[in-house]
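Okay, my_file08.csv now, which holds CSV, C-alpha atoms:
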chain,number,residue,atom,x,y,z
K,237,MET,CA,105.4,108.2,101.7
K,238,VAL,CA,101.9,107.7,100.5
K,239,ARG,CA,99.4,110.6,100.0
K,240,VAL,CA,95.8,110.6,99.0
K,241,ASP,CA,94.5,112.8,96.2
K,242,PHE,CA,91.3,113.7,97.9
K,243,ALA,CA,90.0,115.6,94.9
K,244,LYS,CA,89.5,112.2,93.2
K,245,LEU,CA,87.2,110.9,96.0
K,246,ARG,CA,83.5,111.3,96.7
K,247,PHE,CA,82.4,111.4,100.3
K,248,LEU,CA,79.0,111.1,101.9
K,249,ILE,CA,78.5,112.3,105.5
K,250,ILE,CA,75.4,110.9,107.3
K,251,ASP,CA,74.9,112.5,110.7
K,252,ASP,CA,71.8,114.1,112.3
K,253,ASN,CA,73.8,116.8,114.0
K,254,ALA,CA,74.4,119.8,111.7
K,255,HIS,CA,77.4,120.9,113.7
K,256,MET,CA,79.2,117.6,113.3
K,257,ARG,CA,78.4,117.5,109.6
K,258,ARG,CA,80.0,120.9,109.3
K,259,ILE,CA,83.1,119.8,111.2
K,260,ILE,CA,83.6,116.7,109.1
K,261,ARG,CA,83.0,118.6,105.9
K,262,THR,CA,85.5,121.2,106.9
K,263,LEU,CA,88.1,118.5,107.7
K,264,LEU,CA,87.5,116.8,104.4
K,265,HIS,CA,87.7,120.0,102.4
K,266,GLY,CA,90.9,120.8,104.4
K,267,PHE,CA,92.4,117.4,103.2
K,268,GLY,CA,91.5,118.5,99.6
K,269,ALA,CA,88.2,116.8,99.0
K,270,ARG,CA,85.9,118.6,96.6
K,271,ILE,CA,82.9,116.3,96.4
K,272,VAL,CA,81.2,116.0,99.8
K,273,TYR,CA,77.5,115.0,100.1
K,274,GLU,CA,75.5,115.2,103.3
K,275,ALA,CA,72.4,113.5,104.7
K,276,GLU,CA,70.8,114.1,108.1
K,277,ASP,CA,69.2,110.8,108.8
K,278,GLY,CA,69.4,107.1,107.9
K,279,ALA,CA,66.7,107.2,105.3
K,280,SER,CA,68.0,110.2,103.4
K,281,GLY,CA,71.4,108.8,103.8
K,282,LEU,CA,70.5,105.6,102.1
K,283,GLU,CA,68.8,107.6,99.3
K,284,ALA,CA,72.0,109.7,98.9
K,285,PHE,CA,74.1,106.6,98.9
K,286,THR,CA,72.1,105.1,96.1
K,287,ASN,CA,72.0,108.3,94.1
K,288,TYR,CA,75.5,109.6,94.5
K,289,THR,CA,77.5,106.3,94.8
K,290,PRO,CA,80.1,107.8,97.1
K,291,ASP,CA,83.6,106.2,97.5
K,292,ILE,CA,83.6,106.6,101.3
K,293,VAL,CA,80.7,106.9,103.7
K,294,LEU,CA,81.1,108.5,107.1
K,295,ILE,CA,78.2,107.7,109.4
K,296,ASP,CA,77.0,108.4,112.9
K,297,TRP,CA,75.5,105.7,115.0
K,298,ALA,CA,72.5,107.3,116.6
K,299,MET,CA,70.2,108.8,114.1
K,300,PRO,CA,66.4,109.1,113.5
K,301,ILE,CA,64.4,106.8,111.3
K,302,PHE,CA,67.1,104.2,111.2
K,303,ASP,CA,70.5,104.3,112.8
K,304,GLY,CA,74.0,103.9,111.5
K,305,LEU,CA,74.1,100.1,112.2
K,306,GLU,CA,70.8,99.5,110.3
K,307,LEU,CA,72.1,101.7,107.5
K,308,ALA,CA,75.4,99.8,107.3
K,309,GLN,CA,73.4,96.5,107.0
K,310,MET,CA,71.3,98.0,104.2
K,311,ILE,CA,74.4,99.0,102.3
K,312,ARG,CA,76.0,95.6,102.9
K,313,GLN,CA,73.6,93.7,100.7
K,314,PRO,CA,75.7,91.4,98.5
K,315,ASN,CA,73.2,91.6,95.6
K,316,ALA,CA,72.4,95.3,95.9
K,317,HIS,CA,72.5,97.6,92.8
K,318,SER,CA,74.8,100.1,94.6
K,319,ASN,CA,78.3,99.1,95.6
K,320,PRO,CA,78.0,96.9,98.7
K,321,PHE,CA,81.8,97.0,99.1
K,322,THR,CA,81.9,100.8,99.8
K,323,ALA,CA,84.1,101.8,102.7
K,324,ILE,CA,82.1,102.8,105.7
K,325,ILE,CA,83.7,104.7,108.5
K,326,MET,CA,81.6,105.1,111.7
K,327,LEU,CA,82.1,108.2,113.7
K,328,THR,CA,80.4,107.9,117.0
K,329,GLY,CA,80.4,109.0,120.7
K,330,HIS,CA,80.1,105.3,121.6
K,331,SER,CA,83.4,103.6,122.6
K,332,GLU,CA,82.3,100.6,124.7
K,333,LYS,CA,83.5,97.2,123.6
K,334,ALA,CA,80.0,95.9,123.0
K,335,ARG,CA,79.3,98.8,120.6
K,336,VAL,CA,82.5,98.4,118.7
K,337,MET,CA,81.7,94.7,118.3
K,338,ALA,CA,78.2,95.4,117.1
K,339,ALA,CA,79.5,97.9,114.5
K,340,ARG,CA,82.0,95.4,113.3
K,341,ASP,CA,79.3,92.8,113.0
K,342,ALA,CA,77.2,95.2,111.0
K,343,GLY,CA,79.9,95.5,108.3
K,344,ILE,CA,81.6,98.7,109.3
K,345,THR,CA,85.0,99.1,107.7
K,346,GLU,CA,86.6,101.5,110.3
K,347,PHE,CA,85.4,102.8,113.7
K,348,MET,CA,86.3,106.1,115.2
K,349,ALA,CA,85.2,107.4,118.6
K,350,LYS,CA,84.4,111.1,118.9
K,351,PRO,CA,85.9,113.6,119.5
K,352,ILE,CA,87.4,113.2,116.1
K,353,SER,CA,90.8,114.7,115.2
K,354,ALA,CA,92.1,115.6,111.7
K,355,LYS,CA,95.0,113.1,112.2
K,356,ALA,CA,92.8,110.2,113.2
K,357,LEU,CA,90.3,110.8,110.4
K,358,TYR,CA,93.1,111.1,107.8
K,359,HIS,CA,94.7,107.8,108.9
K,360,ARG,CA,91.3,106.0,108.7
K,361,ILE,CA,90.8,107.2,105.2
K,362,ILE,CA,94.3,106.2,104.2
K,363,SER,CA,93.7,102.8,105.7
K,364,VAL,CA,90.5,102.0,103.8
K,365,ILE,CA,92.1,103.1,100.5
K,366,ALA,CA,95.6,101.6,100.9
K,367,ASN,CA,94.8,98.5,103.0
K,368,PRO,CA,91.3,97.3,102.2
K,369,ARG,CA,90.3,94.0,103.8
K,370,PRO,CA,88.7,91.3,101.7
K,371,PHE,CA,85.0,90.7,102.2
K,372,VAL,CA,83.6,87.6,103.9
K,373,LYS,CA,80.2,86.2,103.0
K,374,THR,CA,78.5,83.7,105.3
K,375,LYS,CA,74.9,82.8,106.0
K,376,SER,CA,74.8,85.5,108.6
K,377,TYR,CA,77.4,88.1,107.6
K,378,PHE,CA,78.5,90.1,104.6
K,379,GLY,CA,81.2,92.7,105.1
K,380,PRO,CA,84.9,93.3,105.6
K,381,ASP,CA,86.9,90.4,107.1
K,382,ARG,CA,86.5,90.9,110.8
K,383,ARG,CA,89.8,89.3,111.4
K,384,ARG,CA,92.5,91.9,111.0
K,385,LYS,CA,95.3,89.5,111.8
K,386,ILE,CA,95.7,85.8,111.3
K,387,LYS,CA,97.1,84.1,114.4
K,388,THR,CA,99.1,81.2,113.2
K,389,SER,CA,99.6,80.2,116.9
K,390,PHE,CA,95.8,79.9,117.4
K,391,GLY,CA,95.0,76.3,118.6
K,392,GLY,CA,91.3,76.4,119.2
K,393,SER,CA,88.5,75.2,116.9
K,394,GLU,CA,87.7,77.3,113.8
K,395,ARG,CA,84.3,78.8,113.3
K,396,ARG,CA,84.9,79.0,109.5
K,397,LYS,CA,85.4,75.7,107.7
K,398,GLY,CA,88.5,75.6,105.5
K,399,SER,CA,89.4,79.1,106.4
K,400,ARG,CA,92.5,81.1,105.7
K,401,SER,CA,93.9,80.5,109.2
K,402,ASP,CA,93.6,76.8,108.5
K,403,ALA,CA,95.5,77.4,105.4
K,404,ALA,CA,98.1,79.4,107.2
K,405,ARG,CA,98.6,76.6,109.7
K,406,HIS,CA,98.5,73.7,107.3
K,407,GLY,CA,100.3,75.4,104.4
K,408,ALA,CA,97.7,74.5,101.7
K,409,SER,CA,94.5,76.1,100.7
K,410,SER,CA,94.0,75.1,97.1
K,411,ASP,CA,92.3,71.8,98.1
K,412,LYS,CA,89.9,73.6,100.3
K,413,ALA,CA,88.6,76.2,98.0
K,414,THR,CA,87.4,77.0,94.6
K,415,VAL,CA,88.4,80.2,93.0
K,416,SER,CA,86.3,82.2,90.6
K,417,ARG,CA,86.4,85.6,89.0
O,21,MET,CA,86.3,107.2,91.5
O,22,SER,CA,83.2,105.1,91.6
O,23,GLN,CA,82.4,105.5,88.0
O,24,GLY,CA,85.5,103.8,86.6
O,25,LYS,CA,85.2,100.6,84.5
O,26,SER,CA,83.6,97.8,86.5
O,27,GLU,CA,85.7,94.8,87.2
O,28,LYS,CA,84.4,91.7,88.9
O,29,PRO,CA,85.5,90.8,92.4
O,30,SER,CA,87.6,87.6,92.8
O,31,VAL,CA,85.7,85.0,94.9
O,32,VAL,CA,87.2,82.1,96.8
O,33,THR,CA,84.6,79.6,97.9
O,34,TYR,CA,85.1,77.6,101.1
O,35,ALA,CA,82.8,75.0,102.7
O,36,ASP,CA,80.7,77.6,104.6
O,37,HIS,CA,81.9,81.0,103.5
O,38,GLU,CA,83.3,83.0,100.6
O,39,ILE,CA,86.2,85.3,100.6
O,40,ILE,CA,85.6,88.1,98.2
O,41,THR,CA,88.2,90.5,97.0
O,42,PRO,CA,86.7,93.4,95.2
O,43,PRO,CA,88.8,95.5,92.8
O,44,ASN,CA,90.2,98.5,94.7
O,45,LYS,CA,88.8,101.4,92.7
O,46,LEU,CA,90.2,103.9,95.1
O,47,LEU,CA,93.9,103.0,94.5
O,48,GLY,CA,94.0,105.7,91.8
O,49,ALA,CA,93.6,108.3,94.5
O,50,LEU,CA,96.9,107.2,96.1
O,51,LYS,CA,100.1,108.9,95.1
O,52,ALA,CA,103.6,108.2,96.2
O,53,VAL,CA,105.6,111.2,97.5
O,54,PRO,CA,109.3,110.8,98.1
O,55,ALA,CA,110.2,111.3,101.8
O,56,GLY,CA,111.1,114.9,102.5
O,57,LYS,CA,109.5,116.0,99.2
O,58,ALA,CA,106.0,116.2,100.6
O,59,GLU,CA,104.4,119.5,99.7
O,60,ASP,CA,102.0,120.7,102.4
O,61,ASP,CA,100.7,118.6,105.2
O,62,PRO,CA,97.0,117.7,104.6
O,63,VAL,CA,96.4,117.1,108.4
O,64,ALA,CA,97.8,120.5,109.2
O,65,ARG,CA,95.7,122.0,106.4
O,66,ALA,CA,92.5,120.4,107.8
O,67,GLU,CA,93.3,121.6,111.3
O,68,GLN,CA,93.8,125.1,109.9
O,69,ALA,CA,90.5,124.9,108.1
O,70,LEU,CA,88.9,123.9,111.5
O,71,GLU,CA,90.5,126.9,113.1
O,72,HIS,CA,88.7,129.1,110.6
O,73,ILE,CA,85.3,128.1,111.9
O,74,ALA,CA,86.4,127.9,115.5
O,75,SER,CA,84.9,131.3,116.2
O,76,GLU,CA,81.4,129.7,115.9
O,77,PHE,CA,82.1,126.9,118.4
O,78,ALA,CA,81.0,128.9,121.5
O,79,THR,CA,77.6,129.6,119.9
O,80,TRP,CA,77.3,125.9,118.8
O,81,MET,CA,78.1,124.7,122.3
O,82,ASP,CA,75.4,127.1,123.7
O,83,GLN,CA,72.9,125.7,121.2
O,84,GLU,CA,73.8,122.1,122.3
O,85,CYS,CA,73.4,123.1,125.9
O,86,ASP,CA,70.0,124.7,125.2
O,87,ARG,CA,69.0,121.5,123.5
O,88,LEU,CA,70.0,119.5,126.6
O,89,ASP,CA,68.1,121.9,128.8
O,90,ARG,CA,64.9,121.6,126.7
O,91,ALA,CA,65.2,117.8,127.0
O,92,ARG,CA,65.6,118.1,130.7
O,93,MET,CA,62.5,120.3,131.0
O,94,GLU,CA,60.5,117.7,129.3
O,95,VAL,CA,61.8,115.0,131.7
O,96,ARG,CA,61.0,117.3,134.6
O,97,ALA,CA,57.4,117.8,133.3
O,98,LYS,CA,56.6,114.3,132.1
O,99,GLY,CA,59.2,112.0,133.8
O,100,LEU,CA,61.6,109.8,132.1
O,101,ASN,CA,59.8,107.6,129.6
O,102,ARG,CA,60.3,106.3,126.0
O,103,THR,CA,59.3,109.7,124.6
O,104,THR,CA,61.5,111.9,126.8
O,105,ARG,CA,64.5,109.5,126.8
O,106,GLY,CA,65.5,110.0,123.2
O,107,PRO,CA,66.0,113.7,123.1
O,108,LEU,CA,67.8,113.7,126.4
O,109,PHE,CA,70.2,110.9,125.4
O,110,SER,CA,70.7,112.4,122.0
O,111,ALA,CA,71.6,115.8,123.4
O,112,ALA,CA,74.0,114.4,126.0
O,113,HIS,CA,75.6,112.0,123.5
O,114,ASP,CA,76.2,114.8,121.0
O,115,ILE,CA,77.8,117.0,123.7
O,116,LYS,CA,80.0,114.1,124.8
O,117,GLY,CA,81.2,113.7,121.2
O,118,GLN,CA,81.6,117.4,120.3
O,119,ALA,CA,82.7,119.2,123.5
O,120,ALA,CA,86.4,118.7,123.0
O,121,THR,CA,86.3,119.8,119.4
O,122,PHE,CA,84.4,122.9,120.5
O,123,GLY,CA,87.0,123.7,123.1
O,124,TYR,CA,85.2,122.4,126.2
O,125,PRO,CA,87.1,119.1,126.8
O,126,TRP,CA,86.1,118.9,130.5
O,127,VAL,CA,82.4,118.7,129.6
O,128,ALA,CA,82.6,115.4,127.8
O,129,ALA,CA,83.0,113.3,131.0
O,130,LEU,CA,79.9,115.0,132.5
O,131,ALA,CA,77.8,114.3,129.4
O,132,ASN,CA,79.2,110.7,129.2
O,133,SER,CA,78.1,110.1,132.8
O,134,LEU,CA,74.6,111.1,131.9
O,135,CYS,CA,74.7,108.9,128.7
O,136,ARG,CA,75.7,105.9,130.9
O,137,LEU,CA,72.9,106.6,133.4
O,138,ILE,CA,70.3,106.6,130.6
O,139,ASP,CA,71.8,103.8,128.5
O,140,TYR,CA,72.4,101.3,131.2
O,141,THR,CA,69.4,101.6,133.4
O,142,PRO,CA,67.0,98.7,132.6
O,143,ASP,CA,63.9,100.6,133.8
O,144,ILE,CA,64.4,104.3,133.0
O,145,SER,CA,61.4,105.4,135.0
O,146,ARG,CA,63.5,104.5,138.1
O,147,ILE,CA,66.2,107.1,137.3
O,148,PRO,CA,65.9,109.9,139.9
O,149,VAL,CA,65.1,113.1,138.0
O,150,SER,CA,67.3,114.9,140.5
O,151,LEU,CA,70.3,113.0,139.2
O,152,VAL,CA,69.5,113.9,135.6
O,153,GLU,CA,69.1,117.6,136.8
O,154,GLN,CA,72.5,117.5,138.5
O,155,HIS,CA,74.2,116.2,135.3
O,156,VAL,CA,72.5,118.9,133.1
O,157,ASP,CA,73.3,121.7,135.6
O,158,SER,CA,76.9,120.6,135.8
O,159,VAL,CA,77.3,120.6,132.0
O,160,ARG,CA,75.7,124.1,131.8
O,161,ALA,CA,77.8,125.4,134.7
O,162,ILE,CA,81.1,124.3,133.2
O,163,VAL,CA,80.3,125.7,129.8
O,164,ARG,CA,79.2,129.0,131.4
O,165,GLU,CA,82.4,129.2,133.6
O,166,LYS,CA,84.8,128.2,130.8
O,167,ALA,CA,87.0,131.2,131.5
O,168,ARG,CA,87.6,130.4,135.2
O,169,PRO,CA,91.2,129.4,135.8
O,170,ASP,CA,90.2,126.4,137.9
O,171,VAL,CA,87.5,125.2,135.5
O,172,ALA,CA,89.4,121.9,134.7
O,173,MET,CA,89.7,121.0,138.4
O,174,VAL,CA,86.1,121.9,139.2
O,175,ALA,CA,84.8,119.9,136.2
O,176,ASP,CA,87.0,116.9,137.1
O,177,THR,CA,85.7,116.9,140.7
O,178,LEU,CA,82.1,117.2,139.5
O,179,ALA,CA,82.6,114.4,136.9
O,180,LYS,CA,84.1,112.0,139.4
O,181,ARG,CA,81.4,112.6,141.9
O,182,LEU,CA,78.6,112.2,139.3
O,183,ARG,CA,80.2,109.1,138.0
O,184,GLU,CA,80.4,107.6,141.5
O,185,VAL,CA,76.8,108.3,142.2
O,186,THR,CA,75.8,107.0,138.7
O,187,ASP,CA,77.9,103.8,139.1
O,188,ASP,CA,76.3,103.1,142.5
O,189,PHE,CA,72.9,103.5,141.0
O,190,LEU,CA,73.7,101.3,138.0
O,191,VAL,CA,75.2,98.6,140.2
O,192,ARG,CA,72.0,98.5,142.2
O,193,GLU,CA,69.7,98.6,139.2
O,194,ASN,CA,71.6,95.8,137.4
O,195,ARG,CA,72.3,93.6,140.3
O,196,ASP,CA,70.2,90.8,138.7
O,197,ARG,CA,72.1,91.2,135.4
O,198,PRO,CA,75.8,90.5,136.2
O,199,GLU,CA,76.6,89.9,132.6
O,200,TYR,CA,75.6,93.5,131.8
O,201,LEU,CA,77.3,94.9,134.9
O,202,GLU,CA,80.7,93.7,133.7
O,203,SER,CA,80.4,95.6,130.4
O,204,ILE,CA,78.9,98.6,132.1
O,205,LEU,CA,81.8,99.0,134.4
O,206,ALA,CA,84.4,98.1,131.8
O,207,PRO,CA,86.6,100.9,130.4
O,208,PRO,CA,86.2,102.0,126.8
O,209,VAL,CA,88.1,100.0,124.3
O,210,ILE,CA,88.9,102.9,121.9
O,211,PRO,CA,92.3,104.5,122.7
O,212,ASP,CA,92.7,108.2,122.9
O,213,GLU,CA,93.7,109.3,119.4
O,214,GLN,CA,93.9,113.0,119.8
Do you think you could lay out the structure here as structure tokens?
Amino acid sequence: MVRVDFAKLRFLIIDDNAHMRRIIRTLLHGFGARIVYEAEDGASGLEAFTNYTPDIVLIDWAMPIFDGLELAQMIRQPNAHSNPFTAIIMLTGHSEKARVMAARDAGITEFMAKPISAKALYHRIISVIANPRPFVKTKSYFGPDRRRKIKTSFGGSERRKGSRSDAARHGASSDKATVSR
Amino acid sequence: MSQGKSEKPSVVTYADHEIITPPNKLLGALKAVPAGKAEDDPVARAEQALEHIASEFATWMDQECDRLDRARMEVRAKGLNRTTRGPLFSAAHDIKGQAATFGYPWVAALANSLCRLIDYTPDISRIPVSLVEQHVDSVRAIVREKARPDVAMVADTLAKRLREVTDDFLVRENRDRPEYLESILAPPVIPDEQ
């Protein structure tokens, strides 16, 4: 069984609703978190992200100044000074397919529809820590791999050239890629 | 955790994209606990912490309803436009997301119907103010009558009727946008995780 030592993690909550911030903070402290920062709009959220370098950011979608999607895109700047790989969990009242896809395309790590439960939030946090997805950088996207599973049975054309699913089907990837550290 | 020693991510470069695996600096926060040896349950602890502030929820719900009512008053006075839309949608959306946590689960569907009405109408000035008023009054009535034994049934009946009227309106208003209509009438993709 895996447990998280929340006392070792730094959280940043960005939500314009004070009641929701209090609820999320209460849940995080209940899990054992000690360091929980808050911001009430996208602009102060970005400032807090840069200043506090949190490990996990929990953001709302609809906020004044700029919204959660715009904020996620600002965090996911590959050459940013702050950590662009930071886990972002979006907590929102939106649950429509188009919204979920838009969040995914903005580089959100995990998506949670409100109302939030302690159990669902806990499992999202475990997931971003224990099973982080690699990042993908293309001309138009930088963020966690949007493919959570590789379908080896997929027979259509690939959007990515020389991708991992190609490698899975053809059994070789070393001739398609260069590796660096 | 963020201030540990910095390691570089590993990068695999393909023809048109890179796969980047950053070092997982958060792994240090994970600890293995033998099955059956778990001390306390963090989820139960968090739920208990939420219980400690639950006495404030009724006041918070009233504040959210007042906010919705103020937004409705603005719509009544000035009509639905770009200025009055934001506060109305924001108030309804927050109630949709918080009502169940505050102990008013039946209110979420009413607020959701109002959100859909505002969000999916191409020209918001065409939304009948009376339909906005009916949504807001329904939310306030169900919150006020929370103690009634049949509140769940009344709320469900109200929500279904409002949803029907709203869907009829949205179908008419989006008749020239079939691609939107499909997503408007689609069920949410997020499963219930409560």
* Asked: Can you tell me, as number ranges by chain, what residues are no more than 10 Å from Leu70 in chain O when counting only C-alpha atoms, ignoring any on the same chain fewer than 4 positions away?
  -> K: 258-263, 265-266, 354; O: 64-66, 74-75, 121
* Dump as a PyMOL selection string all residues having an atom at most 8 Å from (78.1, 121.9, 119.3), computed in the file's coordinates with only C-alpha atoms. => (chain K and resi 255-256) or (chain O and resi 77-84+114-115+118-119+122)
* If you measure from CA of Arg92 in chain O to CA of His155 in chain O, what distance in Å do you get, rounded to one decimal? -> 9.9 Å
* Nearest to His317 in chain K, chosen from K:Asn287, K:Ile301, K:Lys373, K:Tyr358, with only C-alpha atoms counted in the distances ->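 Using only C-alpha atoms, His317 in chain K sits closest to K:Asn287.
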* **12 Å contact set for Tyr200 in chain O, all atoms listed in the file, chain neighbours under 2 positions out, as an MDAnalysis selection string** => (chainID K and resid 333:334) or (chainID O and resid 139:142 190:191 193:198 202:206)
Keeping only C-alpha atoms, write the selected residues to a file as a PDB file, keeping the file's coordinate frame.
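Done, and the output landed in out.pdb:
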ATOM      1  CA  LYS K 333      83.500  97.200 123.600  1.00  0.00           C
ATOM      2  CA  ALA K 334      80.000  95.900 123.000  1.00  0.00           C
TER       3      ALA K 334
ATOM      4  CA  ASP O 139      71.800 103.800 128.500  1.00  0.00           C
ATOM      5  CA  TYR O 140      72.400 101.300 131.200  1.00  0.00           C
ATOM      6  CA  THR O 141      69.400 101.600 133.400  1.00  0.00           C
ATOM      7  CA  PRO O 142      67.000  98.700 132.600  1.00  0.00           C
ATOM      8  CA  LEU O 190      73.700 101.300 138.000  1.00  0.00           C
ATOM      9  CA  VAL O 191      75.200  98.600 140.200  1.00  0.00           C
ATOM     10  CA  GLU O 193      69.700  98.600 139.200  1.00  0.00           C
ATOM     11  CA  ASN O 194      71.600  95.800 137.400  1.00  0.00           C
ATOM     12  CA  ARG O 195      72.300  93.600 140.300  1.00  0.00           C
ATOM     13  CA  ASP O 196      70.200  90.800 138.700  1.00  0.00           C
ATOM     14  CA  ARG O 197      72.100  91.200 135.400  1.00  0.00           C
ATOM     15  CA  PRO O 198      75.800  90.500 136.200  1.00  0.00           C
ATOM     16  CA  GLU O 202      80.700  93.700 133.700  1.00  0.00           C
ATOM     17  CA  SER O 203      80.400  95.600 130.400  1.00  0.00           C
ATOM     18  CA  ILE O 204      78.900  98.600 132.100  1.00  0.00           C
ATOM     19  CA  LEU O 205      81.800  99.000 134.400  1.00  0.00           C
ATOM     20  CA  ALA O 206      84.400  98.100 131.800  1.00  0.00           C
TER      21      ALA O 206
END
* Asked: Which residue out of O:Pro42, O:Ala49, O:Ala35, O:Glu27 has the minimum interatomic distance to Ile365 in chain K when all atoms listed in the file are used?
  -> O:Ala49
Counting all atoms listed in the file, what are the residues of chain O within 7 Å of chain K, and for each of them which pair of atoms is the nearest and at what distance in Å, to one decimal? Sort the table by chain and rising number, as a tab-separated table.
residue	atom	partner	partner_atom	distance
O:Met21	CA	K:Leu245	CA	5.9
O:Ser22	CA	K:Asp291	CA	6.0
O:Lys28	CA	K:Arg417	CA	6.4
O:Pro29	CA	K:Arg417	CA	6.3
O:Ser30	CA	K:Arg417	CA	4.5
O:Val31	CA	K:Ser416	CA	5.2
O:Val32	CA	K:Val415	CA	4.4
O:Thr33	CA	K:Thr414	CA	5.0
O:Tyr34	CA	K:Ala413	CA	4.9
O:Ala35	CA	K:Lys397	CA	5.7
O:Asp36	CA	K:Lys397	CA	5.9
O:His37	CA	K:Thr374	CA	4.7
O:Glu38	CA	K:Lys373	CA	5.1
O:Ile39	CA	K:Val372	CA	4.8
O:Ile40	CA	K:Phe371	CA	4.8
O:Thr41	CA	K:Pro370	CA	4.8
O:Leu46	CA	K:Ile365	CA	5.8
O:Leu47	CA	K:Ile365	CA	6.3
O:Ala49	CA	K:Asp241	CA	4.9
O:Leu50	CA	K:Val240	CA	4.6
O:Lys51	CA	K:Arg239	CA	5.2
O:Ala52	CA	K:Val238	CA	4.7
O:Val53	CA	K:Met237	CA	5.2
O:Pro54	CA	K:Met237	CA	5.9
O:Ala55	CA	K:Met237	CA	5.7
O:Pro62	CA	K:Phe267	CA	4.8
O:Val63	CA	K:Ala354	CA	5.6
O:Arg65	CA	K:Gly266	CA	5.3
O:Ala66	CA	K:Gly266	CA	3.8
O:Glu67	CA	K:Ala354	CA	6.1
O:Ala69	CA	K:Gly266	CA	5.5
O:Leu70	CA	K:Thr262	CA	6.3
O:His113	CA	K:Gly329	CA	6.3
O:Lys116	CA	K:Gly329	CA	6.6
O:Gly117	CA	K:Lys350	CA	4.7
O:Gln118	CA	K:Pro351	CA	5.8
O:Ala120	CA	K:Pro351	CA	6.2
O:Thr121	CA	K:Pro351	CA	6.2
O:Pro208	CA	K:Glu332	CA	4.6
O:Val209	CA	K:Lys333	CA	5.4
O:Ile210	CA	K:Ser331	CA	5.6
O:Glu213	CA	K:Ala356	CA	6.3
O:Gln214	CA	K:Ser353	CA	5.8
* Asked: Can you tell me how far CA of Glu346 in chain K sits from CA of Ser318 in chain K, in Å to one decimal?
  ->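 Between CA of Glu346 in chain K and CA of Ser318 in chain K the gap is 19.7 Å.
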* To do: May I have the residues at most 12 Å from (64.8, 110.1, 105.8) in the file's coordinates, counting all atoms listed in the file, as a list in words?
  =>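 With a cut-off of 12 Å, the residues come to Ile250, Asp251, Asp252, Ala275, Glu276, Asp277, Gly278, Ala279, Ser280, Gly281, Leu282, Glu283, Ala284, Met299, Pro300, Ile301, Phe302, Asp303 and Leu307 of chain K.
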